[in-house]
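The next block is input.cif, given as mmCIF, C-alpha atoms.
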```cif
data_coords
#
loop_
_atom_site.label_atom_id
_atom_site.label_comp_id
_atom_site.auth_asym_id
_atom_site.auth_seq_id
_atom_site.Cartn_x
_atom_site.Cartn_y
_atom_site.Cartn_z
CA MET A 219 -3.70 -4.74 18.67
CA LYS A 220 -5.21 -1.57 17.32
CA ARG A 221 -3.94 -0.75 13.83
CA ASN A 222 -3.52 2.93 13.18
CA LEU A 223 -1.81 4.98 10.49
CA SER A 224 -0.55 8.46 11.29
CA CYS A 225 2.38 10.60 10.25
CA VAL A 226 4.66 8.70 12.64
CA LEU A 227 5.19 4.96 12.11
CA LEU A 228 7.88 2.53 13.12
CA LEU A 229 8.01 0.46 9.95
CA PRO A 230 10.53 1.92 7.46
CA VAL A 231 8.40 1.24 4.37
CA ALA A 232 5.32 2.66 6.06
CA ILE A 233 7.28 5.77 7.02
CA LEU A 234 8.05 6.45 3.37
CA LEU A 235 4.41 6.03 2.38
CA VAL A 236 3.12 8.29 5.11
CA LEU A 237 5.76 10.96 4.60
CA SER A 238 4.73 11.01 0.95
CA ALA A 239 1.07 11.44 1.90
CA CYS A 240 1.88 14.13 4.46
CA SER A 241 4.09 15.93 1.96
CA ALA A 242 1.27 15.96 -0.57
CA LEU A 243 -1.10 17.33 2.02
CA GLY A 244 1.35 20.11 2.74
CA GLN A 245 1.39 21.10 -0.92
CA LEU A 246 -2.40 21.31 -1.17
CA ASP A 247 -4.38 24.16 0.33
CA THR A 248 -8.08 24.79 0.93
CA GLY A 249 -7.46 28.34 -0.27
CA PHE A 250 -5.45 27.36 -3.34
CA TYR A 251 -7.78 29.15 -5.79
CA ILE A 252 -8.58 32.16 -3.62
CA GLN A 253 -6.78 34.52 -6.01
CA THR A 254 -7.44 32.74 -9.30
CA CYS A 255 -10.93 31.23 -9.00
CA SER A 256 -12.42 32.23 -5.67
CA LYS A 257 -15.89 30.84 -6.42
CA VAL A 258 -14.71 27.37 -7.47
CA GLU A 259 -16.51 25.52 -4.67
CA GLU A 260 -19.66 27.60 -5.16
CA ILE A 261 -19.72 26.81 -8.88
CA VAL A 262 -19.18 23.09 -8.29
CA ARG A 263 -21.83 22.95 -5.58
CA GLU A 264 -24.38 24.82 -7.70
CA GLU A 265 -23.97 22.35 -10.56
CA MET A 266 -23.94 19.36 -8.24
CA VAL A 267 -27.25 20.42 -6.71
CA LYS A 268 -28.76 20.41 -10.21
CA ILE A 269 -27.15 17.09 -11.14
CA ILE A 270 -28.18 15.18 -8.00
CA SER A 271 -31.64 16.75 -7.95
CA ALA A 272 -32.22 15.47 -11.47
CA ALA A 273 -30.57 12.08 -10.87
CA PRO A 274 -30.12 11.18 -7.17
CA SER A 275 -28.68 7.80 -8.14
CA LEU A 276 -25.57 9.55 -9.52
CA ALA A 277 -24.22 10.30 -6.04
CA GLY A 278 -22.69 6.83 -5.75
CA PRO A 279 -21.11 6.76 -9.22
CA LEU A 280 -19.56 10.21 -8.77
CA LEU A 281 -18.06 9.17 -5.44
CA ARG A 282 -16.81 5.96 -7.06
CA LEU A 283 -15.08 7.93 -9.84
CA HIS A 284 -12.92 9.65 -7.24
CA PHE A 285 -12.07 6.33 -5.56
CA HIS A 286 -11.10 4.67 -8.81
CA ASP A 287 -9.03 7.68 -9.81
CA CYS A 288 -7.00 7.86 -6.60
CA PHE A 289 -6.08 4.16 -6.50
CA VAL A 290 -4.36 4.29 -9.90
CA ARG A 291 -1.48 6.80 -10.29
CA GLY A 292 -2.94 8.82 -7.43
CA CYS A 293 -5.64 11.49 -7.58
CA ASP A 294 -4.71 12.89 -10.99
CA ALA A 295 -7.97 12.51 -12.99
CA SER A 296 -6.33 9.84 -15.18
CA VAL A 297 -9.55 7.82 -14.89
CA LEU A 298 -11.31 10.47 -16.99
CA LEU A 299 -9.01 10.24 -20.03
CA ASP A 300 -10.26 8.57 -23.20
CA SER A 301 -8.30 5.70 -24.70
CA THR A 302 -5.92 6.53 -27.54
CA ALA A 303 -4.76 4.44 -30.49
CA GLY A 304 -2.93 1.43 -29.12
CA GLU A 305 -3.27 2.49 -25.49
CA PRO A 306 -6.51 1.59 -23.66
CA ALA A 307 -7.11 4.04 -20.81
CA GLU A 308 -8.16 3.32 -17.23
CA ARG A 309 -11.82 3.88 -17.94
CA ASP A 310 -11.75 0.95 -20.39
CA ALA A 311 -10.23 -1.49 -17.90
CA LYS A 312 -12.59 -4.30 -16.89
CA PRO A 313 -13.07 -3.03 -13.28
CA ASN A 314 -14.03 0.40 -14.68
CA LYS A 315 -16.46 -0.69 -17.38
CA SER A 316 -19.43 0.18 -15.16
CA LEU A 317 -18.21 3.63 -14.13
CA ARG A 318 -20.71 6.43 -14.72
CA GLY A 319 -20.81 10.18 -14.30
CA PHE A 320 -18.24 11.25 -16.89
CA GLY A 321 -20.74 13.61 -18.52
CA SER A 322 -21.47 15.27 -15.20
CA VAL A 323 -17.76 15.90 -14.63
CA GLU A 324 -17.45 17.50 -18.07
CA ARG A 325 -20.49 19.64 -17.32
CA VAL A 326 -18.95 20.99 -14.11
CA LYS A 327 -15.55 21.46 -15.75
CA ALA A 328 -17.15 23.43 -18.60
CA LYS A 329 -18.74 25.82 -16.09
CA LEU A 330 -15.36 26.36 -14.44
CA GLU A 331 -13.65 26.93 -17.78
CA VAL A 332 -16.10 29.76 -18.48
CA ALA A 333 -15.54 31.33 -15.07
CA CYS A 334 -11.80 30.63 -14.72
CA PRO A 335 -10.22 29.37 -17.97
CA GLY A 336 -7.34 26.93 -17.61
CA THR A 337 -7.25 27.25 -13.84
CA VAL A 338 -9.03 24.42 -12.00
CA SER A 339 -7.77 20.88 -12.55
CA CYS A 340 -10.02 17.94 -13.34
CA ALA A 341 -8.48 16.16 -10.35
CA ASP A 342 -9.74 18.92 -8.06
CA VAL A 343 -13.12 18.84 -9.77
CA LEU A 344 -13.41 15.12 -9.00
CA ALA A 345 -12.45 15.63 -5.36
CA LEU A 346 -15.00 18.43 -4.91
CA MET A 347 -17.77 16.57 -6.73
CA ALA A 348 -17.19 13.46 -4.60
CA ARG A 349 -17.47 15.51 -1.41
CA ASP A 350 -20.61 17.28 -2.62
CA ALA A 351 -22.16 13.99 -3.78
CA VAL A 352 -21.86 12.66 -0.23
CA VAL A 353 -23.23 15.86 1.31
CA LEU A 354 -26.20 15.97 -1.07
CA ALA A 355 -26.92 12.33 -0.21
CA LYS A 356 -27.24 13.43 3.45
CA GLY A 357 -23.73 12.41 4.43
CA PRO A 358 -20.88 14.27 6.12
CA THR A 359 -18.91 17.19 4.76
CA TRP A 360 -15.19 17.91 4.93
CA GLN A 361 -12.77 20.53 3.72
CA VAL A 362 -11.11 19.62 0.44
CA ALA A 363 -7.54 20.83 0.10
CA LEU A 364 -6.96 21.88 -3.52
CA GLY A 365 -4.05 22.30 -5.90
CA ARG A 366 -3.93 18.90 -7.60
CA ARG A 367 -2.79 18.82 -11.20
CA ASP A 368 -3.89 16.44 -13.94
CA GLY A 369 -1.91 13.46 -15.14
CA VAL A 370 -1.13 12.86 -18.80
CA VAL A 371 -0.95 9.06 -18.71
CA SER A 372 -3.81 6.57 -18.30
CA SER A 373 -3.37 2.81 -18.53
CA ALA A 374 -6.06 0.12 -18.48
CA THR A 375 -3.41 -2.41 -17.52
CA GLU A 376 -2.43 -0.42 -14.44
CA ALA A 377 -6.07 -0.04 -13.43
CA SER A 378 -6.66 -3.78 -13.73
CA HIS A 379 -3.74 -4.47 -11.38
CA GLU A 380 -4.05 -1.65 -8.84
CA LEU A 381 -7.76 -1.25 -8.09
CA PRO A 382 -9.06 -3.07 -5.00
CA PRO A 383 -11.11 -5.98 -6.40
CA SER A 384 -14.69 -6.61 -5.29
CA PHE A 385 -13.69 -10.24 -4.63
CA GLY A 386 -10.72 -9.33 -2.42
CA ASP A 387 -10.17 -10.61 1.11
CA VAL A 388 -8.84 -8.40 3.91
CA PRO A 389 -5.16 -9.39 3.53
CA LEU A 390 -5.23 -8.50 -0.18
CA LEU A 391 -7.27 -5.33 0.27
CA SER A 392 -5.21 -4.11 3.22
CA LYS A 393 -2.03 -4.63 1.17
CA ILE A 394 -3.44 -2.51 -1.65
CA PHE A 395 -4.61 0.15 0.81
CA ALA A 396 -1.22 0.19 2.55
CA SER A 397 0.46 0.84 -0.79
CA LYS A 398 -1.54 4.08 -0.91
CA GLY A 399 -0.75 5.09 2.67
CA LEU A 400 -4.14 3.91 3.96
CA ASP A 401 -4.63 1.50 6.85
CA VAL A 402 -7.07 -1.24 7.83
CA LYS A 403 -9.39 1.19 9.56
CA ASP A 404 -9.54 3.21 6.34
CA LEU A 405 -10.54 -0.01 4.58
CA ALA A 406 -13.42 -0.55 7.00
CA VAL A 407 -14.46 3.10 6.83
CA LEU A 408 -14.22 3.61 3.07
CA SER A 409 -16.11 0.37 2.45
CA GLY A 410 -19.00 2.34 3.92
CA ALA A 411 -19.16 4.18 0.59
CA HIS A 412 -21.11 1.11 -0.57
CA THR A 413 -24.07 2.71 1.15
CA LEU A 414 -24.51 4.53 -2.18
CA GLY A 415 -25.05 3.05 -5.60
CA THR A 416 -25.89 -0.12 -7.49
CA ALA A 417 -23.96 -2.96 -9.13
CA HIS A 418 -24.42 -5.10 -12.23
CA CYS A 419 -24.87 -8.86 -11.91
CA PRO A 420 -21.42 -9.92 -13.19
CA SER A 421 -19.74 -8.19 -10.26
CA PHE A 422 -21.34 -10.46 -7.66
CA ALA A 423 -23.13 -13.35 -9.44
CA ASP A 424 -20.19 -15.68 -8.77
CA ARG A 425 -21.44 -15.72 -5.18
CA LEU A 426 -24.78 -17.13 -6.35
CA TYR A 427 -23.81 -19.70 -8.97
CA ASP A 428 -20.87 -21.98 -9.62
CA SER A 429 -18.97 -22.00 -12.91
CA THR A 430 -21.60 -24.26 -14.52
CA GLY A 431 -24.44 -21.92 -13.60
CA ASN A 432 -25.84 -24.10 -10.83
CA ASN A 433 -27.01 -22.63 -7.55
CA ASN A 434 -26.53 -25.75 -5.45
CA GLY A 435 -23.38 -24.92 -3.56
CA THR A 436 -22.08 -26.57 -0.42
CA ASP A 437 -24.94 -25.19 1.67
CA GLY A 438 -27.58 -26.29 -0.82
CA LEU A 439 -28.69 -22.72 -1.41
CA GLY A 440 -25.77 -20.84 -2.87
CA VAL A 441 -22.11 -21.18 -3.73
CA ASP A 442 -20.89 -18.66 -1.16
CA PRO A 443 -21.81 -19.77 2.38
CA SER A 444 -20.83 -16.36 3.74
CA LEU A 445 -23.93 -14.90 2.05
CA ASP A 446 -27.26 -14.97 3.87
CA SER A 447 -29.43 -17.56 2.10
CA GLU A 448 -32.59 -15.42 2.03
CA TYR A 449 -30.66 -12.50 0.54
CA ALA A 450 -29.02 -14.84 -1.96
CA HIS A 451 -32.46 -16.02 -3.10
CA LYS A 452 -33.55 -12.42 -3.71
CA LEU A 453 -30.39 -11.74 -5.69
CA ARG A 454 -30.93 -14.83 -7.83
CA MET A 455 -34.33 -13.43 -8.79
CA LYS A 456 -32.44 -10.54 -10.41
CA CYS A 457 -29.40 -12.37 -11.76
CA LYS A 458 -30.05 -15.56 -13.70
CA GLY A 459 -26.44 -16.70 -13.98
CA VAL A 460 -22.78 -15.74 -13.71
CA ASP A 461 -22.85 -14.34 -17.24
CA ASP A 462 -26.14 -12.47 -16.91
CA ARG A 463 -25.76 -9.41 -19.18
CA SER A 464 -29.37 -8.28 -18.91
CA GLY A 465 -28.34 -5.02 -17.29
CA MET A 466 -30.21 -5.79 -14.07
CA LEU A 467 -28.93 -3.83 -11.10
CA ALA A 468 -28.79 -4.66 -7.42
CA GLU A 469 -28.70 -1.98 -4.73
CA MET A 470 -25.48 -2.14 -2.73
CA ASP A 471 -27.38 -0.89 0.32
CA PRO A 472 -30.91 -2.26 -0.21
CA GLY A 473 -33.62 0.27 0.60
CA SER A 474 -31.16 3.10 1.13
CA TYR A 475 -28.88 3.20 -1.91
CA LYS A 476 -29.45 6.91 -2.59
CA THR A 477 -28.84 7.99 1.00
CA PHE A 478 -25.49 8.12 2.76
CA ASP A 479 -26.04 6.41 6.11
CA THR A 480 -24.85 3.50 8.24
CA SER A 481 -27.36 0.89 7.09
CA TYR A 482 -24.67 -0.67 4.89
CA TYR A 483 -22.93 -1.91 8.05
CA ARG A 484 -26.13 -3.46 9.35
CA HIS A 485 -26.48 -5.39 6.11
CA VAL A 486 -22.87 -6.57 6.29
CA ALA A 487 -23.31 -7.63 9.93
CA LYS A 488 -26.27 -9.78 8.82
CA ARG A 489 -24.16 -11.36 6.04
CA ARG A 490 -25.98 -9.34 3.41
CA GLY A 491 -23.07 -7.44 1.93
CA LEU A 492 -23.30 -7.60 -1.86
CA PHE A 493 -19.63 -8.23 -2.68
CA ARG A 494 -17.13 -10.75 -1.39
CA SER A 495 -15.07 -7.77 -0.17
CA ASP A 496 -18.04 -6.70 1.97
CA ALA A 497 -18.37 -10.18 3.48
CA ALA A 498 -14.61 -10.26 4.07
CA LEU A 499 -14.91 -7.43 6.59
CA LEU A 500 -16.32 -9.98 9.04
CA THR A 501 -13.19 -12.16 8.84
CA ASP A 502 -10.69 -9.72 10.37
CA ASP A 503 -10.73 -8.56 13.99
CA THR A 504 -10.26 -4.86 13.23
CA THR A 505 -12.75 -4.61 10.38
CA ARG A 506 -15.29 -6.89 12.07
CA ASP A 507 -15.23 -4.82 15.26
CA TYR A 508 -15.76 -1.67 13.23
CA VAL A 509 -18.68 -3.16 11.30
CA HIS A 510 -20.43 -4.37 14.46
CA ARG A 511 -19.85 -1.08 16.27
CA VAL A 512 -21.31 1.08 13.50
CA ALA A 513 -24.10 -1.43 12.84
CA THR A 514 -25.56 -0.70 16.29
CA GLY A 515 -26.74 2.67 14.99
CA LYS A 516 -25.24 4.40 18.02
CA PHE A 517 -22.12 5.71 16.31
CA ASP A 518 -23.40 7.44 13.18
CA ASP A 519 -21.63 10.69 14.05
CA ALA A 520 -18.37 8.85 14.69
CA PHE A 521 -18.63 7.07 11.34
CA PHE A 522 -19.31 10.37 9.57
CA ARG A 523 -16.18 11.84 11.15
CA ASP A 524 -14.16 8.76 10.26
CA PHE A 525 -15.37 8.85 6.68
CA ALA A 526 -14.45 12.52 6.30
CA GLN A 527 -10.95 11.81 7.64
CA SER A 528 -10.41 8.76 5.42
CA MET A 529 -11.65 10.62 2.35
CA THR A 530 -9.21 13.42 3.10
CA LYS A 531 -6.35 10.90 3.32
CA MET A 532 -7.39 9.15 0.13
CA GLY A 533 -7.82 12.45 -1.71
CA ASN A 534 -4.15 13.22 -1.12
CA VAL A 535 -2.70 9.99 -2.48
CA SER A 536 0.23 10.64 -4.85
CA VAL A 537 -1.12 13.97 -6.06
CA LEU A 538 0.68 16.00 -8.71
CA THR A 539 1.45 19.57 -7.67
CA GLY A 540 3.62 22.50 -8.70
CA VAL A 541 4.74 22.09 -12.32
CA LYS A 542 4.00 18.36 -12.58
CA GLY A 543 1.21 17.30 -14.90
CA GLU A 544 -1.07 19.94 -16.39
CA ILE A 545 -4.44 21.66 -16.04
CA ARG A 546 -6.58 20.00 -18.70
CA LYS A 547 -9.00 22.12 -20.66
CA LYS A 548 -11.24 19.11 -21.19
CA CYS A 549 -11.09 16.25 -18.73
CA TYR A 550 -11.26 13.46 -21.31
CA ILE A 551 -8.20 14.49 -23.32
CA VAL A 552 -4.72 15.85 -22.56
CA ASN A 553 -3.88 19.33 -23.75
CA LYS A 554 -2.29 19.71 -27.16
#
```
Could you express the structure from this file as structure tokens?
Amino acid sequence: MKRNLSCVLLLPVAILLVLSACSALGQLDTGFYIQTCSKVEEIVREEMVKIISAAPSLAGPLLRLHFHDCFVRGCDASVLLDSTAGEPAERDAKPNKSLRGFGSVERVKAKLEVACPGTVSCADVLALMARDAVVLAKGPTWQVALGRRDGVVSSATEASHELPPSFGDVPLLSKIFASKGLDVKDLAVLSGAHTLGTAHCPSFADRLYDSTGNNNGTDGLGVDPSLDSEYAHKLRMKCKGVDDRSGMLAEMDPGSYKTFDTSYYRHVAKRRGLFRSDAALLTDDTTRDYVHRVATGKFDDAFFRDFAQSMTKMGNVSVLTGVKGEIRKKCYIVNK
């Protein structure tokens, strides 16, 4: 049975989630700043061109910042806040320790503060930068509805419990996605963001070694039999154990980690997805069918359209609008 999420669902709980998402969308507007900061997108794009030109590998991290923001308290830029005394913030949660790009966000925000003081939220900056990161990495574009406001609370504990884990299976991940008004197709589509970026050894080394550091799992080659043995061997050349803190990085989409394309799905189809969550896509009918379809290379345009639609949905999760929240002057600290 095809699983689809729209603004009309039969399940009562799902109806509430979707109505909430649709309501948020109705409060945002692509022309939100037309009177107050008409060149907002131009300013963001100009800075993003400079940022990605100087460091193409930042496209993935900047996209990831938006993901990690929206899955905790909604798209309210709470991921950008620094920890305070006695209250570790989201960015200091274990799943967020490897996040990068905070300086780039502050750079763009500073430009906007000069042009339009106290007007454009950090949450909107993140949404625009994520879109532009994808475009500059040769991916699709989409219109970003604006008008989000910034949250004033950030909790490492909440981040640790609400972010989709890299070790998650489809039942767990789909449950987390559903709690944000996203469906199983969105899971398959947004996993495609792993076409950009790199990962540190601790996030996937448990697939290569058991808890004692051995690499002689049940298949004789690696602990996780869902991982292609040749690929596992290459990964073990980089990561020497489950606690490898050498700083070595592995490309999430080998050979194409700076370019937004569909090669990620071809790797997953060959059992060469880096994370357990990537491998898990082959265990569910809906996600497996999507992976195999896109992996053929015949549906790149369809995937680009799907990704734009799923990003739009995700970018409207539990947004603050109207008088809720605030417009931060600096993204790493609430206004005083």
Could you give me, as a Markdown table, every segment 328-394 of chain A residue with an atom at most 12 Å from segment 417-429 of chain A, plus its closest atom pair and distance in Å to one decimal, counting all atoms listed in the file, rows ordered by chain then number?
```
| residue | atom | partner | partner_atom | distance |
| --- | --- | --- | --- | --- |
| A:Pro383 | CA | A:Ser421 | CA | 9.7 |
| A:Ser384 | CA | A:Ser421 | CA | 7.3 |
| A:Phe385 | CA | A:Phe422 | CA | 8.2 |
| A:Gly386 | CA | A:Phe422 | CA | 11.9 |
```
To one decimal place, how far is atom CA of Cys288 of chain A from atom CA of Ser528 of chain A in Å?
->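 A separation of 12.5 Å between them.
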Give as a compact mmCIF listing (two decimals) with C-alpha atoms, keeping the file's coordinate frame the residues that the PyMOL selection byres ((chain A and resi 514) around 12) matches when applied to the coordinates above.
```txt
# COMPACT_ATOMS: atom_id res chain seq x y z
CA THR A 480 -24.85 3.50 8.24
CA SER A 481 -27.36 0.89 7.09
CA TYR A 482 -24.67 -0.67 4.89
CA TYR A 483 -22.93 -1.91 8.05
CA ARG A 484 -26.13 -3.46 9.35
CA HIS A 485 -26.48 -5.39 6.11
CA VAL A 486 -22.87 -6.57 6.29
CA ALA A 487 -23.31 -7.63 9.93
CA LYS A 488 -26.27 -9.78 8.82
CA ASP A 507 -15.23 -4.82 15.26
CA TYR A 508 -15.76 -1.67 13.23
CA VAL A 509 -18.68 -3.16 11.30
CA HIS A 510 -20.43 -4.37 14.46
CA ARG A 511 -19.85 -1.08 16.27
CA VAL A 512 -21.31 1.08 13.50
CA ALA A 513 -24.10 -1.43 12.84
CA GLY A 515 -26.74 2.67 14.99
CA LYS A 516 -25.24 4.40 18.02
CA PHE A 517 -22.12 5.71 16.31
CA ASP A 518 -23.40 7.44 13.18
CA PHE A 521 -18.63 7.07 11.34
```
Care to translate the PyMOL selection byres ((chain A and resi 298-310) around 6) into actual residues of this file, as a PyMOL selection string?
-> chain A and resi 295-297+311+314-315+372-374+377+550-551
What's the 9 Å shell around Val352 of chain A, counting all atoms listed in the file, without same-chain residues fewer than 4 positions away, as a list in words?
->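 With the cut-off at 9 Å, the set is Ala277, Gly278, Leu281, Met347, Ala348, Lys356, Gly357, Pro358, Thr359, Ala411, Leu414, Thr477 and Phe478 of chain A.
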How many Å separate atom CA of Lys531 of chain A from atom CA of Lys393 of chain A?
->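 Answer for the atom CA of Lys531 of chain A to atom CA of Lys393 of chain A separation: 16.3 Å.
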Give me the result of the PyMOL selection byres ((chain A and resi 454-459) around 8) on this file, residue by residue, as a PyMOL selection string.
-> chain A and resi 419+423+426-427+431+450-453+460-462+466-468
Please produce a file of the residues just selected, as a JSON list (two decimals), in the frame of the given file, where the atoms kept are C-alpha atoms.
```json
[["chain", "number", "residue", "atom", "x", "y", "z"],
["A", 419, "CYS", "CA", -24.87, -8.86, -11.91],
["A", 423, "ALA", "CA", -23.13, -13.35, -9.44],
["A", 426, "LEU", "CA", -24.78, -17.13, -6.35],
["A", 427, "TYR", "CA", -23.81, -19.70, -8.97],
["A", 431, "GLY", "CA", -24.44, -21.92, -13.60],
["A", 450, "ALA", "CA", -29.02, -14.84, -1.96],
["A", 451, "HIS", "CA", -32.46, -16.02, -3.10],
["A", 452, "LYS", "CA", -33.55, -12.42, -3.71],
["A", 453, "LEU", "CA", -30.39, -11.74, -5.69],
["A", 460, "VAL", "CA", -22.78, -15.74, -13.71],
["A", 461, "ASP", "CA", -22.85, -14.34, -17.24],
["A", 462, "ASP", "CA", -26.14, -12.47, -16.91],
["A", 466, "MET", "CA", -30.21, -5.79, -14.07],
["A", 467, "LEU", "CA", -28.93, -3.83, -11.10],
["A", 468, "ALA", "CA", -28.79, -4.66, -7.42]]
```
Within 8 Å of segment 245-253 of chain A, counting only C-alpha atoms, which residues qualify if same-chain residues fewer than 6 places away don't, as a count of residues only?
-> 8
Atom CA of His412 of chain A and atom CA of Val388 of chain A, how far apart in Å?
-> 16.2 Å
Best match for closeness to Phe525 of chain A among A:Asp287, A:Asp479, A:Glu376, A:Asp471, counting all atoms listed in the file =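 Of A:Asp287, A:Asp479, A:Glu376, A:Asp471, the one nearest Phe525 of chain A, counting all atoms listed in the file, is A:Asp479.
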Which of these residues is nearest to Ser474 of chain A, using only C-alpha atoms: A:Ala406, A:Met532, A:Leu381, A:Ala355?
->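 Counting only C-alpha atoms, the residue closest to Ser474 of chain A is A:Ala355.
Of the listed residues A:Leu276, A:Glu380, A:Ser536, A:Lys329, the one whose atoms come nearest to Glu259 of chain A is A:Lys329, with distances taken using all atoms listed in the file.
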